[in-house]
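> Encoded as structure tokens, here's the structure I'll be asking about.
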Amino acid sequence: MTNLAAAFSDALPGISPDVYGAEDFRAISEIAYREAGIVLPEGKAMLVYSRLAPLVRESGCATFGAYVLRIREVGDERQKAICALTTNHTFFYRESHHFDHFRDSLRPHLVRRLEQGGSVRMWSAGCSSGEETWSLAMTLLGPDRKAGQALAKRDVRILASDIATHALNKATAARYRAEDLKPVPDDLRNAWTTSDGETAEIAQDLRALVRFRSLNLLGDWPMQGRFDVIFCRNVMIYFDTPTKERLVARFARMLQPEGTLYIGHSERVTGPALDQLVPMGPTVYRRSAAA
Ligand SMILES: C[S@@+](CC[C@H](N)C(=O)[O-])C[C@H]1O[C@@H](n2cnc3c(N)ncnc32)[C@H](O)[C@@H]1O
């Protein structure tokens, strides 16, 4: 047994290396990186085991080695494995300073544009189960339900995308535990959700604004037209620097001049995109008008 394989087995007590070994982990990490940009360092060996073991069983494979061969060959199975390897943790009004910034710095201008017959396009990229998207949509429509309903009838659309179909299914259902809505400011929650005390539902006016789509951020983007606002938060933390830099450069090109990019609190824009993106505050960037 090589040192790496021995260390690997030590880290996974009770799991036979014949069922799941260092080579299997390496092969799965390589597939996750190539397909979705997700970096899985060796410390994630147990996580990979626990996320994929149910799929290995379901596929009828006796070992991870056999499963690796299967996902190499069968695209749908590979897609399922990638979904299972994503981390979808999210919550309403996460990093609330972004929604405050959007409300105070962008919303007045975007509302005026809509009222004058213009259009607004926003993208929640890596939306997971939708909490970020609904938080953004509520903030745009504002606390006055009637005024918000009038705005929603204007030319406004929000694209919400993720690679994980199970997360998108929850997002599309637009139904959450009532307690999950607690971080939402009371006036917005009252205007745009209904609740029976246990379950909360997102109002139809809000749902009509959003299109949820399955999209791998590393692949082709079929969207035509640019966005006024892009949220891509806590997604790039799973990527390495070259992947992040390529992605933010693509986001910069997808923004309208003076469009705004919001990224997660532990993320920074680096690389060529900095020629086009001007920092406006922590984790908020504006595409320069000249770009
Ligand atoms: C931790 S969640 C972040 C959700 C939300 N943006 C937030 O900040 O709360 C990260 C999401 O990124 C998605 N993701 C990871 N790699 C992706 C890729 N290559 N393409 C699209 N989405 C990806 C995952 O499926 C997951 O739902």
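By order in the structure tokens, chains are A, B, ...; within a chain, residues start at 1; ligands start at 1, following the order shown.
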Could you pull out all residues of segment 113-243 of chain A with a DSSP call of helix (DSSP H, G or I) and give them as a PyMOL selection string?
chain A and resi 113-115+131-141+145-152+165-173+178-181+186-192+204-207+236-238+241-243
> Keeping C-alpha atoms, export the residues of the selection given above as a PDB file, in the first residue's frame.

ATOM      1  CA  ARG A 113     -36.164  52.824 -15.831  1.00  0.00           C
ATOM      2  CA  LEU A 114     -39.018  50.300 -15.639  1.00  0.00           C
ATOM      3  CA  GLU A 115     -41.586  53.051 -15.065  1.00  0.00           C
ATOM      4  CA  GLU A 131     -33.550  31.726  -1.421  1.00  0.00           C
ATOM      5  CA  GLU A 132     -31.098  34.239  -2.947  1.00  0.00           C
ATOM      6  CA  THR A 133     -33.275  34.736  -6.010  1.00  0.00           C
ATOM      7  CA  TRP A 134     -36.472  35.369  -4.052  1.00  0.00           C
ATOM      8  CA  SER A 135     -34.641  37.733  -1.698  1.00  0.00           C
ATOM      9  CA  LEU A 136     -33.464  39.728  -4.700  1.00  0.00           C
ATOM     10  CA  ALA A 137     -36.869  39.698  -6.394  1.00  0.00           C
ATOM     11  CA  MET A 138     -38.638  40.895  -3.214  1.00  0.00           C
ATOM     12  CA  THR A 139     -36.115  43.666  -2.738  1.00  0.00           C
ATOM     13  CA  LEU A 140     -36.661  44.856  -6.289  1.00  0.00           C
ATOM     14  CA  LEU A 141     -40.458  44.924  -6.002  1.00  0.00           C
ATOM     15  CA  ARG A 145     -47.456  45.284  -2.712  1.00  0.00           C
ATOM     16  CA  LYS A 146     -49.596  47.344  -5.076  1.00  0.00           C
ATOM     17  CA  ALA A 147     -46.658  49.350  -6.394  1.00  0.00           C
ATOM     18  CA  GLY A 148     -44.638  46.114  -6.649  1.00  0.00           C
ATOM     19  CA  GLN A 149     -47.388  44.389  -8.605  1.00  0.00           C
ATOM     20  CA  ALA A 150     -47.411  47.298 -11.060  1.00  0.00           C
ATOM     21  CA  LEU A 151     -43.610  47.012 -11.427  1.00  0.00           C
ATOM     22  CA  ALA A 152     -43.835  43.249 -11.962  1.00  0.00           C
ATOM     23  CA  THR A 165     -31.308  19.923 -10.508  1.00  0.00           C
ATOM     24  CA  HIS A 166     -32.531  18.821  -7.060  1.00  0.00           C
ATOM     25  CA  ALA A 167     -31.870  22.369  -5.770  1.00  0.00           C
ATOM     26  CA  LEU A 168     -33.629  23.897  -8.783  1.00  0.00           C
ATOM     27  CA  ASN A 169     -36.677  21.699  -8.136  1.00  0.00           C
ATOM     28  CA  LYS A 170     -36.982  23.167  -4.652  1.00  0.00           C
ATOM     29  CA  ALA A 171     -36.463  26.676  -6.031  1.00  0.00           C
ATOM     30  CA  THR A 172     -39.209  26.205  -8.613  1.00  0.00           C
ATOM     31  CA  ALA A 173     -41.641  24.849  -5.999  1.00  0.00           C
ATOM     32  CA  ALA A 178     -42.031  29.369   7.465  1.00  0.00           C
ATOM     33  CA  GLU A 179     -39.076  29.728   9.837  1.00  0.00           C
ATOM     34  CA  ASP A 180     -36.686  29.920   6.856  1.00  0.00           C
ATOM     35  CA  LEU A 181     -38.275  33.256   5.963  1.00  0.00           C
ATOM     36  CA  ASP A 186     -41.067  41.891   7.891  1.00  0.00           C
ATOM     37  CA  ASP A 187     -42.526  44.306   5.339  1.00  0.00           C
ATOM     38  CA  LEU A 188     -41.151  42.320   2.382  1.00  0.00           C
ATOM     39  CA  ARG A 189     -42.162  38.985   3.877  1.00  0.00           C
ATOM     40  CA  ASN A 190     -45.705  40.255   4.478  1.00  0.00           C
ATOM     41  CA  ALA A 191     -45.954  41.663   0.965  1.00  0.00           C
ATOM     42  CA  TRP A 192     -44.596  38.695  -0.993  1.00  0.00           C
ATOM     43  CA  GLN A 204     -47.328  34.389  -7.771  1.00  0.00           C
ATOM     44  CA  ASP A 205     -46.363  37.951  -8.863  1.00  0.00           C
ATOM     45  CA  LEU A 206     -42.818  37.250  -7.758  1.00  0.00           C
ATOM     46  CA  ARG A 207     -42.709  33.799  -9.310  1.00  0.00           C
ATOM     47  CA  MET A 236     -16.593  30.399  -6.779  1.00  0.00           C
ATOM     48  CA  ILE A 237     -15.319  29.246  -3.362  1.00  0.00           C
ATOM     49  CA  TYR A 238     -15.381  25.731  -4.829  1.00  0.00           C
ATOM     50  CA  THR A 241      -8.036  30.618  -9.277  1.00  0.00           C
ATOM     51  CA  PRO A 242      -7.852  30.077 -13.089  1.00  0.00           C
ATOM     52  CA  THR A 243     -11.502  28.931 -13.145  1.00  0.00           C
TER      53      THR A 243
END
> Show me, as JSON lines, the residues of chain A having an atom within 8 Å of ligand 1, each with the closest atom pair and its distance in Å, using only C-alpha atoms and all ligand atoms.

{"residue": "A:Glu35", "atom": "CA", "partner": "ligand 1", "partner_atom_place_in_ligand_line": "19 (N)", "distance": 7.3}
{"residue": "A:Ala36", "atom": "CA", "partner": "ligand 1", "partner_atom_place_in_ligand_line": "19 (N)", "distance": 3.9}
{"residue": "A:Gly37", "atom": "CA", "partner": "ligand 1", "partner_atom_place_in_ligand_line": "19 (N)", "distance": 5.6}
{"residue": "A:Ile38", "atom": "CA", "partner": "ligand 1", "partner_atom_place_in_ligand_line": "16 (N)", "distance": 6.0}
{"residue": "A:Cys83", "atom": "CA", "partner": "ligand 1", "partner_atom_place_in_ligand_line": "25 (O)", "distance": 6.5}
{"residue": "A:Thr86", "atom": "CA", "partner": "ligand 1", "partner_atom_place_in_ligand_line": "25 (O)", "distance": 4.7}
{"residue": "A:Thr87", "atom": "CA", "partner": "ligand 1", "partner_atom_place_in_ligand_line": "26 (C)", "distance": 5.2}
{"residue": "A:Asn88", "atom": "CA", "partner": "ligand 1", "partner_atom_place_in_ligand_line": "27 (O)", "distance": 3.9}
{"residue": "A:His89", "atom": "CA", "partner": "ligand 1", "partner_atom_place_in_ligand_line": "1 (C)", "distance": 4.6}
{"residue": "A:Thr90", "atom": "CA", "partner": "ligand 1", "partner_atom_place_in_ligand_line": "9 (O)", "distance": 3.6}
{"residue": "A:Phe91", "atom": "CA", "partner": "ligand 1", "partner_atom_place_in_ligand_line": "9 (O)", "distance": 5.7}
{"residue": "A:Phe92", "atom": "CA", "partner": "ligand 1", "partner_atom_place_in_ligand_line": "9 (O)", "distance": 7.7}
{"residue": "A:Arg94", "atom": "CA", "partner": "ligand 1", "partner_atom_place_in_ligand_line": "9 (O)", "distance": 6.1}
{"residue": "A:Ser124", "atom": "CA", "partner": "ligand 1", "partner_atom_place_in_ligand_line": "6 (N)", "distance": 7.1}
{"residue": "A:Ala125", "atom": "CA", "partner": "ligand 1", "partner_atom_place_in_ligand_line": "6 (N)", "distance": 6.7}
{"residue": "A:Gly126", "atom": "CA", "partner": "ligand 1", "partner_atom_place_in_ligand_line": "12 (O)", "distance": 4.1}
{"residue": "A:Cys127", "atom": "CA", "partner": "ligand 1", "partner_atom_place_in_ligand_line": "6 (N)", "distance": 4.6}
{"residue": "A:Ser128", "atom": "CA", "partner": "ligand 1", "partner_atom_place_in_ligand_line": "27 (O)", "distance": 3.5}
{"residue": "A:Ser129", "atom": "CA", "partner": "ligand 1", "partner_atom_place_in_ligand_line": "27 (O)", "distance": 6.9}
{"residue": "A:Gly130", "atom": "CA", "partner": "ligand 1", "partner_atom_place_in_ligand_line": "5 (C)", "distance": 7.8}
{"residue": "A:Glu131", "atom": "CA", "partner": "ligand 1", "partner_atom_place_in_ligand_line": "9 (O)", "distance": 7.0}
{"residue": "A:Glu132", "atom": "CA", "partner": "ligand 1", "partner_atom_place_in_ligand_line": "5 (C)", "distance": 5.7}
{"residue": "A:Ser161", "atom": "CA", "partner": "ligand 1", "partner_atom_place_in_ligand_line": "21 (C)", "distance": 6.8}
{"residue": "A:Asp162", "atom": "CA", "partner": "ligand 1", "partner_atom_place_in_ligand_line": "22 (N)", "distance": 4.1}
{"residue": "A:Ile163", "atom": "CA", "partner": "ligand 1", "partner_atom_place_in_ligand_line": "21 (C)", "distance": 4.1}
{"residue": "A:Ala164", "atom": "CA", "partner": "ligand 1", "partner_atom_place_in_ligand_line": "25 (O)", "distance": 4.5}
{"residue": "A:Ala167", "atom": "CA", "partner": "ligand 1", "partner_atom_place_in_ligand_line": "27 (O)", "distance": 6.4}
{"residue": "A:Ser214", "atom": "CA", "partner": "ligand 1", "partner_atom_place_in_ligand_line": "21 (C)", "distance": 7.8}
{"residue": "A:Leu215", "atom": "CA", "partner": "ligand 1", "partner_atom_place_in_ligand_line": "21 (C)", "distance": 5.6}
{"residue": "A:Asn216", "atom": "CA", "partner": "ligand 1", "partner_atom_place_in_ligand_line": "20 (N)", "distance": 3.6}
{"residue": "A:Leu217", "atom": "CA", "partner": "ligand 1", "partner_atom_place_in_ligand_line": "20 (N)", "distance": 3.8}
{"residue": "A:Leu218", "atom": "CA", "partner": "ligand 1", "partner_atom_place_in_ligand_line": "19 (N)", "distance": 5.3}
{"residue": "A:Gly219", "atom": "CA", "partner": "ligand 1", "partner_atom_place_in_ligand_line": "19 (N)", "distance": 7.9}
{"residue": "A:Phe231", "atom": "CA", "partner": "ligand 1", "partner_atom_place_in_ligand_line": "6 (N)", "distance": 7.2}
{"residue": "A:Cys232", "atom": "CA", "partner": "ligand 1", "partner_atom_place_in_ligand_line": "6 (N)", "distance": 5.7}
{"residue": "A:Arg233", "atom": "CA", "partner": "ligand 1", "partner_atom_place_in_ligand_line": "8 (O)", "distance": 4.2}
{"residue": "A:Asn234", "atom": "CA", "partner": "ligand 1", "partner_atom_place_in_ligand_line": "8 (O)", "distance": 4.6}
{"residue": "A:Val235", "atom": "CA", "partner": "ligand 1", "partner_atom_place_in_ligand_line": "12 (O)", "distance": 4.3}
{"residue": "A:Met236", "atom": "CA", "partner": "ligand 1", "partner_atom_place_in_ligand_line": "15 (C)", "distance": 7.6}
{"residue": "A:Tyr238", "atom": "CA", "partner": "ligand 1", "partner_atom_place_in_ligand_line": "15 (C)", "distance": 6.9}
{"residue": "A:Phe239", "atom": "CA", "partner": "ligand 1", "partner_atom_place_in_ligand_line": "16 (N)", "distance": 7.9}
{"residue": "A:Gly264", "atom": "CA", "partner": "ligand 1", "partner_atom_place_in_ligand_line": "8 (O)", "distance": 6.4}
> Store the residues of this selection in a file with C-alpha atoms, as a PDB file, in the first residue's frame.

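The result, stored in again27.pdb:
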ATOM      1  CA  GLU A  35     -17.115  18.792 -15.510  1.00  0.00           C
ATOM      2  CA  ALA A  36     -18.025  21.501 -12.998  1.00  0.00           C
ATOM      3  CA  GLY A  37     -14.805  23.189 -11.848  1.00  0.00           C
ATOM      4  CA  ILE A  38     -15.363  21.842  -8.329  1.00  0.00           C
ATOM      5  CA  CYS A  83     -25.267  17.169  -8.483  1.00  0.00           C
ATOM      6  CA  THR A  86     -22.445  20.157  -5.001  1.00  0.00           C
ATOM      7  CA  THR A  87     -22.931  21.991  -1.718  1.00  0.00           C
ATOM      8  CA  ASN A  88     -26.228  23.834  -1.806  1.00  0.00           C
ATOM      9  CA  HIS A  89     -26.234  25.579   1.562  1.00  0.00           C
ATOM     10  CA  THR A  90     -28.072  28.903   1.292  1.00  0.00           C
ATOM     11  CA  PHE A  91     -30.619  30.987   3.148  1.00  0.00           C
ATOM     12  CA  PHE A  92     -32.897  33.981   2.699  1.00  0.00           C
ATOM     13  CA  ARG A  94     -27.793  35.793   3.224  1.00  0.00           C
ATOM     14  CA  SER A 124     -28.798  34.836  -9.835  1.00  0.00           C
ATOM     15  CA  ALA A 125     -25.970  32.502 -10.931  1.00  0.00           C
ATOM     16  CA  GLY A 126     -25.587  29.462  -8.662  1.00  0.00           C
ATOM     17  CA  CYS A 127     -28.996  30.127  -7.099  1.00  0.00           C
ATOM     18  CA  SER A 128     -29.210  26.759  -5.324  1.00  0.00           C
ATOM     19  CA  SER A 129     -32.736  26.288  -3.914  1.00  0.00           C
ATOM     20  CA  GLY A 130     -33.862  29.832  -4.709  1.00  0.00           C
ATOM     21  CA  GLU A 131     -33.550  31.726  -1.421  1.00  0.00           C
ATOM     22  CA  GLU A 132     -31.098  34.239  -2.947  1.00  0.00           C
ATOM     23  CA  SER A 161     -29.444  29.110 -12.715  1.00  0.00           C
ATOM     24  CA  ASP A 162     -27.661  26.238 -11.045  1.00  0.00           C
ATOM     25  CA  ILE A 163     -26.044  22.954 -12.026  1.00  0.00           C
ATOM     26  CA  ALA A 164     -27.888  21.017  -9.287  1.00  0.00           C
ATOM     27  CA  ALA A 167     -31.870  22.369  -5.770  1.00  0.00           C
ATOM     28  CA  SER A 214     -30.165  24.261 -15.276  1.00  0.00           C
ATOM     29  CA  LEU A 215     -26.823  25.721 -16.320  1.00  0.00           C
ATOM     30  CA  ASN A 216     -23.200  24.708 -15.792  1.00  0.00           C
ATOM     31  CA  LEU A 217     -21.255  27.952 -15.334  1.00  0.00           C
ATOM     32  CA  LEU A 218     -18.257  26.311 -17.012  1.00  0.00           C
ATOM     33  CA  GLY A 219     -20.224  25.463 -20.148  1.00  0.00           C
ATOM     34  CA  PHE A 231     -25.391  37.788  -8.161  1.00  0.00           C
ATOM     35  CA  CYS A 232     -22.844  34.953  -8.048  1.00  0.00           C
ATOM     36  CA  ARG A 233     -22.204  34.369  -4.379  1.00  0.00           C
ATOM     37  CA  ASN A 234     -20.555  31.462  -2.578  1.00  0.00           C
ATOM     38  CA  VAL A 235     -20.172  29.518  -5.816  1.00  0.00           C
ATOM     39  CA  MET A 236     -16.593  30.399  -6.779  1.00  0.00           C
ATOM     40  CA  TYR A 238     -15.381  25.731  -4.829  1.00  0.00           C
ATOM     41  CA  PHE A 239     -13.255  26.709  -7.848  1.00  0.00           C
ATOM     42  CA  GLY A 264     -19.702  36.129  -1.795  1.00  0.00           C
TER      43      GLY A 264
END
> Let me make sure I understand: among A:Val184, A:Ala174, A:Ile31, A:Leu209, which one has the smallest atom-to-atom distance to Glu73 of chain A if we use only C-alpha atoms?
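The closest residue to Glu73 of chain A is A:Ile31.
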> Enumerate, as a ChimeraX atom specification, the complete set of residues in segment 12-236 of chain A that a backbone-based DSSP assignment places in strand (DSSP E).
/A:119-125,155-162,175-177,193-195,199-202,210-214,227-232
> Would you mind reading off the distance between atom CA of Ala249 of chain A and atom CA of Phe227 of chain A, one decimal, in Å?
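Pair atom CA of Ala249 of chain A / atom CA of Phe227 of chain A returns 14.0 Å.
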> Counting only C-alpha atoms, what is within 9 Å of Ala32 of chain A, bar same-chain residues fewer than 5 positions away, as an MDAnalysis selection string?
chainID A and resid 27 37:40 81:82 85
> Please produce a file of the residues just selected, as a JSON list (two decimals), in the first residue's frame, where the atoms kept are all heavy atoms.

[["chain", "number", "residue", "atom", "x", "y", "z"],
["A", 27, "ALA", "N", -10.08, 9.74, -9.01],
["A", 27, "ALA", "CA", -10.83, 9.72, -10.29],
["A", 27, "ALA", "C", -12.09, 10.57, -10.19],
["A", 27, "ALA", "O", -12.42, 11.33, -11.11],
["A", 27, "ALA", "CB", -11.18, 8.28, -10.64],
["A", 37, "GLY", "N", -15.77, 22.26, -12.45],
["A", 37, "GLY", "CA", -14.80, 23.19, -11.85],
["A", 37, "GLY", "C", -14.65, 23.00, -10.35],
["A", 37, "GLY", "O", -13.91, 23.74, -9.70],
["A", 38, "ILE", "N", -15.36, 22.02, -9.79],
["A", 38, "ILE", "CA", -15.36, 21.84, -8.33],
["A", 38, "ILE", "C", -14.07, 21.15, -7.89],
["A", 38, "ILE", "O", -13.74, 20.08, -8.40],
["A", 38, "ILE", "CB", -16.60, 21.03, -7.89],
["A", 38, "ILE", "CG1", -17.87, 21.81, -8.23],
["A", 38, "ILE", "CG2", -16.53, 20.68, -6.40],
["A", 38, "ILE", "CD1", -19.16, 21.02, -8.05],
["A", 39, "VAL", "N", -13.36, 21.81, -6.97],
["A", 39, "VAL", "CA", -12.10, 21.27, -6.48],
["A", 39, "VAL", "C", -12.40, 20.47, -5.20],
["A", 39, "VAL", "O", -13.04, 20.97, -4.28],
["A", 39, "VAL", "CB", -11.11, 22.42, -6.16],
["A", 39, "VAL", "CG1", -9.84, 21.88, -5.51],
["A", 39, "VAL", "CG2", -10.78, 23.20, -7.42],
["A", 40, "LEU", "N", -11.95, 19.21, -5.19],
["A", 40, "LEU", "CA", -12.18, 18.36, -4.01],
["A", 40, "LEU", "C", -10.82, 17.93, -3.46],
["A", 40, "LEU", "O", -10.24, 16.95, -3.92],
["A", 40, "LEU", "CB", -12.99, 17.12, -4.41],
["A", 40, "LEU", "CG", -14.43, 17.37, -4.86],
["A", 40, "LEU", "CD1", -15.02, 16.13, -5.52],
["A", 40, "LEU", "CD2", -15.29, 17.78, -3.66],
["A", 81, "ALA", "N", -24.03, 12.34, -10.29],
["A", 81, "ALA", "CA", -22.90, 12.35, -9.34],
["A", 81, "ALA", "C", -22.46, 13.79, -9.09],
["A", 81, "ALA", "O", -22.22, 14.18, -7.94],
["A", 81, "ALA", "CB", -21.75, 11.52, -9.89],
["A", 82, "ILE", "N", -22.38, 14.59, -10.15],
["A", 82, "ILE", "CA", -21.96, 15.99, -9.99],
["A", 82, "ILE", "C", -22.95, 16.72, -9.08],
["A", 82, "ILE", "O", -22.56, 17.45, -8.16],
["A", 82, "ILE", "CB", -21.85, 16.71, -11.36],
["A", 82, "ILE", "CG1", -20.80, 16.05, -12.24],
["A", 82, "ILE", "CG2", -21.58, 18.21, -11.20],
["A", 82, "ILE", "CD1", -19.38, 16.18, -11.78],
["A", 85, "LEU", "N", -22.43, 16.01, -5.57],
["A", 85, "LEU", "CA", -21.19, 16.56, -5.01],
["A", 85, "LEU", "C", -21.26, 18.07, -4.76],
["A", 85, "LEU", "O", -20.35, 18.65, -4.18],
["A", 85, "LEU", "CB", -20.01, 16.25, -5.94],
["A", 85, "LEU", "CG", -19.63, 14.76, -6.01],
["A", 85, "LEU", "CD1", -18.60, 14.51, -7.12],
["A", 85, "LEU", "CD2", -19.08, 14.27, -4.67]]
> Using only C-alpha atoms, which residue out of A:Ser9, A:Ser288, A:Ser59, A:Thr194 lies closest to Ala273 of chain A?
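Counting only C-alpha atoms, the residue closest to Ala273 of chain A is A:Ser288.
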> As number ranges by chain, please: the residues near segment 44-52 of chain A (cut-off 8 Å, only C-alpha atoms, same-chain neighbours under 3 positions excluded).
A: 8, 11-12, 20, 25, 40-41, 55-56, 81, 84-85
> So that I have them on file, write out the residues from the current selection with C-alpha atoms, as a short mmCIF file (atom, residue, chain, number, x, y, z; two decimals), in the first residue's frame.

data_model
loop_
_atom_site.label_atom_id
_atom_site.label_comp_id
_atom_site.auth_asym_id
_atom_site.auth_seq_id
_atom_site.Cartn_x
_atom_site.Cartn_y
_atom_site.Cartn_z
CA PHE A 8 -6.48 7.53 2.98
CA ALA A 11 -8.96 8.67 7.37
CA LEU A 12 -11.88 6.41 6.47
CA TYR A 20 -13.51 2.90 -1.93
CA PHE A 25 -11.35 9.39 -4.86
CA LEU A 40 -12.18 18.36 -4.01
CA PRO A 41 -9.01 18.28 -1.91
CA LEU A 55 -25.77 6.49 -5.85
CA VAL A 56 -23.21 3.68 -5.97
CA ALA A 81 -22.90 12.35 -9.34
CA ALA A 84 -24.66 15.04 -5.41
CA LEU A 85 -21.19 16.56 -5.01
#
> Any idea what the distance is between atom CA of Gly281 of chain A and atom CA of Asp240 of chain A?
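So the two atoms, atom CA of Gly281 of chain A and atom CA of Asp240 of chain A, lie 23.4 Å apart.
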> Could you check which of A:Ala62, A:Ile158, A:Lys182, A:Gly225 is closest to Arg213 of chain A, using only C-alpha atoms?
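Closest to Arg213 of chain A of all the choices is A:Ile158.
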> Could you work out how far atom CA of Arg287 of chain A lies from atom CA of Gln256 of chain A, giving the answer in Å with one decimal?
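Separation of atom CA of Gln256 of chain A and atom CA of Arg287 of chain A: 7.3 Å.
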> As an NGL selection string, please: the residues near Asp155 of chain A (cut-off 7 Å, only C-alpha atoms, same-chain neighbours under 3 positions excluded).
:A and (114 or 118-120)
